[in-house]
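*Asks:* So here's protein_22.pdb (PDB, C-alpha atoms).
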```
ATOM      1  CA  MET A   7       9.770 -12.036 -14.848
ATOM      2  CA  ARG A   8       7.588 -13.183 -11.973
ATOM      3  CA  GLU A   9       3.941 -14.035 -12.344
ATOM      4  CA  PRO A  10       1.715 -11.204 -11.012
ATOM      5  CA  VAL A  11       0.193 -11.904  -7.593
ATOM      6  CA  LEU A  12      -2.772 -10.167  -5.999
ATOM      7  CA  LEU A  13      -1.863  -8.016  -3.011
ATOM      8  CA  GLY A  14      -4.415  -9.924  -0.940
ATOM      9  CA  LYS A  15      -2.447 -13.133  -1.506
ATOM     10  CA  LEU A  16       0.828 -11.610  -0.260
ATOM     11  CA  ALA A  17      -0.490  -9.485   2.596
ATOM     12  CA  LYS A  18      -1.201 -10.972   6.000
ATOM     13  CA  LEU A  19      -3.561  -8.091   6.782
ATOM     14  CA  ILE A  20      -5.112  -5.226   4.815
ATOM     15  CA  ARG A  21      -7.321  -2.800   6.672
ATOM     16  CA  SER A  22      -8.664   0.668   6.069
ATOM     17  CA  LYS A  23      -9.847   3.163   8.629
ATOM     18  CA  ASN A  24     -11.475   6.552   8.583
ATOM     19  CA  ALA A  25      -9.047   8.957  10.177
ATOM     20  CA  GLY A  26     -11.288  11.993  10.067
ATOM     21  CA  PRO A  27     -13.829  13.537   7.696
ATOM     22  CA  PHE A  28     -11.362  13.812   4.794
ATOM     23  CA  TRP A  29      -8.802  11.117   5.603
ATOM     24  CA  ILE A  30      -8.635   7.383   5.107
ATOM     25  CA  THR A  31      -5.711   5.199   6.096
ATOM     26  CA  PHE A  32      -4.649   1.799   4.836
ATOM     27  CA  ASP A  33      -2.508  -0.605   6.826
ATOM     28  CA  ILE A  34      -0.966  -3.377   4.760
ATOM     29  CA  MET A  35       1.048  -5.910   6.739
ATOM     30  CA  PHE A  36       3.053  -8.863   5.498
ATOM     31  CA  ALA A  37       3.981 -12.126   7.200
ATOM     32  CA  THR A  38       7.489 -12.109   5.743
ATOM     33  CA  ASP A  39      10.106  -9.539   4.892
ATOM     34  CA  THR A  40      10.390 -11.182   1.474
ATOM     35  CA  ASP A  41       6.735 -10.460   0.669
ATOM     36  CA  PHE A  42       7.103  -6.863   1.886
ATOM     37  CA  LYS A  43      10.196  -6.320  -0.265
ATOM     38  CA  ARG A  44       8.503  -7.886  -3.276
ATOM     39  CA  VAL A  45       5.670  -5.363  -3.102
ATOM     40  CA  VAL A  46       7.985  -2.415  -2.402
ATOM     41  CA  THR A  47      10.368  -3.229  -5.258
ATOM     42  CA  ALA A  48       7.469  -3.784  -7.676
ATOM     43  CA  LYS A  49       6.598  -0.068  -7.283
ATOM     44  CA  VAL A  50       2.912  -0.852  -7.777
ATOM     45  CA  LEU A  51       1.617   0.920  -4.676
ATOM     46  CA  THR A  52       2.607   4.548  -5.161
ATOM     47  CA  LYS A  53       1.308   8.008  -4.346
ATOM     48  CA  SER A  54       0.444   8.395  -8.008
ATOM     49  CA  TRP A  55      -1.573   5.163  -8.122
ATOM     50  CA  ILE A  56      -3.477   6.047  -4.945
ATOM     51  CA  ALA A  57      -4.248   9.558  -6.227
ATOM     52  CA  GLN A  58      -5.476   8.221  -9.553
ATOM     53  CA  THR A  59      -7.539   5.445  -7.958
ATOM     54  CA  TYR A  60      -9.250   7.779  -5.471
ATOM     55  CA  GLN A  61      -9.395  10.746  -7.873
ATOM     56  CA  VAL A  62      -7.507  13.151  -5.630
ATOM     57  CA  GLU A  63      -4.458  15.345  -6.129
ATOM     58  CA  GLU A  64      -1.185  13.500  -5.639
ATOM     59  CA  ASP A  65      -0.021  16.250  -3.258
ATOM     60  CA  SER A  66      -2.841  15.304  -0.887
ATOM     61  CA  VAL A  67      -1.599  11.702  -0.549
ATOM     62  CA  ILE A  68       0.755  10.833   2.306
ATOM     63  CA  PHE A  69       2.498   7.542   1.596
ATOM     64  CA  VAL A  70       4.661   5.861   4.229
ATOM     65  CA  GLU A  71       6.552   2.563   4.089
ATOM     66  CA  ILE A  72       7.627   1.262   7.476
ATOM     67  CA  THR A  73       9.999  -1.674   7.674
ATOM     68  CA  ALA A  74      10.034  -3.971  10.673
ATOM     69  CA  ALA A  75      12.713  -3.323  13.259
TER      70      ALA A  75
END
```
So, in terms of structure tokens, how does the structure I just supplied come out?

*Replies:*
Amino acid sequence: MREPVLLGKLAKLIRSKNAGPFWITFDIMFATDTDFKRVVTAKVLTKSWIAQTYQVEEDSVIFVEITAA
């Protein structure tokens, strides 16, 4: 089992933006495909986790993973 690593150590960039009065977006970008895959396969960032963290209904969370072309 791998040692846990903070997302901020793996991500090249983490930013949040207001996308309207009831929306917030997070962009998390990685320098390497390996780091991206490590986070995706860990299943730590999920709709459920975001909903619980921000105390909103899971149905109101839109979660998108975009891989580099």

*Asks:* What separation in Å, quoted to one decimal, exists between CA of Thr59 (chain A) and CA of Thr31 (chain A)?

*Replies:* 14.2 Å

*Asks:* Pick out the closest residue to Lys15 (chain A) from this set: A:Val45, A:Ser66, A:Phe32, A:Asp39. Count only C-alpha atoms.

*Replies:* A:Val45

*Asks:* Quick one: which residues end up in the PyMOL selection byres ((chain A and resi 53) around 10) for this structure, as a list in words?

*Replies:*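 Evaluating the PyMOL selection byres ((chain A and resi 53) around 10) on these coordinates yields Val50, Leu51, Thr52, Ser54, Trp55, Ile56, Ala57, Gln58, Thr59, Glu63, Glu64, Asp65, Ser66, Val67, Ile68, Phe69 and Val70 of chain A.
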
*Asks:* Given the file shown, determine the residues that the PyMOL selection byres ((chain A and resi 21) around 12) selects; report them as a PDB file with C-alpha atoms, in the frame of the given file.

*Replies:*
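Contents of the output file expr.pdb:
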```pdb
ATOM      1  CA  GLY A  14      -4.415  -9.924  -0.940  1.00  0.00           C
ATOM      2  CA  ALA A  17      -0.490  -9.485   2.596  1.00  0.00           C
ATOM      3  CA  LYS A  18      -1.201 -10.972   6.000  1.00  0.00           C
ATOM      4  CA  LEU A  19      -3.561  -8.091   6.782  1.00  0.00           C
ATOM      5  CA  ILE A  20      -5.112  -5.226   4.815  1.00  0.00           C
ATOM      6  CA  SER A  22      -8.664   0.668   6.069  1.00  0.00           C
ATOM      7  CA  LYS A  23      -9.847   3.163   8.629  1.00  0.00           C
ATOM      8  CA  ASN A  24     -11.475   6.552   8.583  1.00  0.00           C
ATOM      9  CA  ILE A  30      -8.635   7.383   5.107  1.00  0.00           C
ATOM     10  CA  THR A  31      -5.711   5.199   6.096  1.00  0.00           C
ATOM     11  CA  PHE A  32      -4.649   1.799   4.836  1.00  0.00           C
ATOM     12  CA  ASP A  33      -2.508  -0.605   6.826  1.00  0.00           C
ATOM     13  CA  ILE A  34      -0.966  -3.377   4.760  1.00  0.00           C
ATOM     14  CA  MET A  35       1.048  -5.910   6.739  1.00  0.00           C
TER      15      MET A  35
END
```

*Asks:* Between A:Ile72, A:Leu16, A:Val11, A:Val62, single out the one closest to Asp41 (chain A), counting all atoms listed in the file.

*Replies:*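 Among the listed residues, the smallest separation from Asp41 (chain A) belongs to A:Leu16.
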
*Asks:* So what do you get for CA of Gly26 (chain A) versus CA of Glu71 (chain A), distance-wise?

*Replies:*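 Spanning CA of Gly26 (chain A) to CA of Glu71 (chain A) is a straight-line distance of 21.0 Å.
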
*Asks:* What's the separation between CA of Ala48 (chain A) and CA of Glu9 (chain A), in Å to one decimal place?

*Replies:*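 So the two atoms, CA of Ala48 (chain A) and CA of Glu9 (chain A), lie 11.8 Å apart.
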
*Asks:* I'd like the box whose edges run along x, y and z of the file and which contains every listed atom of region 31-48 of chain A, padded by 4 Å per side; could you state its centre and edge lengths in Å, one decimal, as lines of an AutoDock Vina configuration file?

*Replies:*
```
center_x = 2.3
center_y = -3.5
center_z = -0.2
size_x = 24.1
size_y = 25.3
size_z = 22.9
```
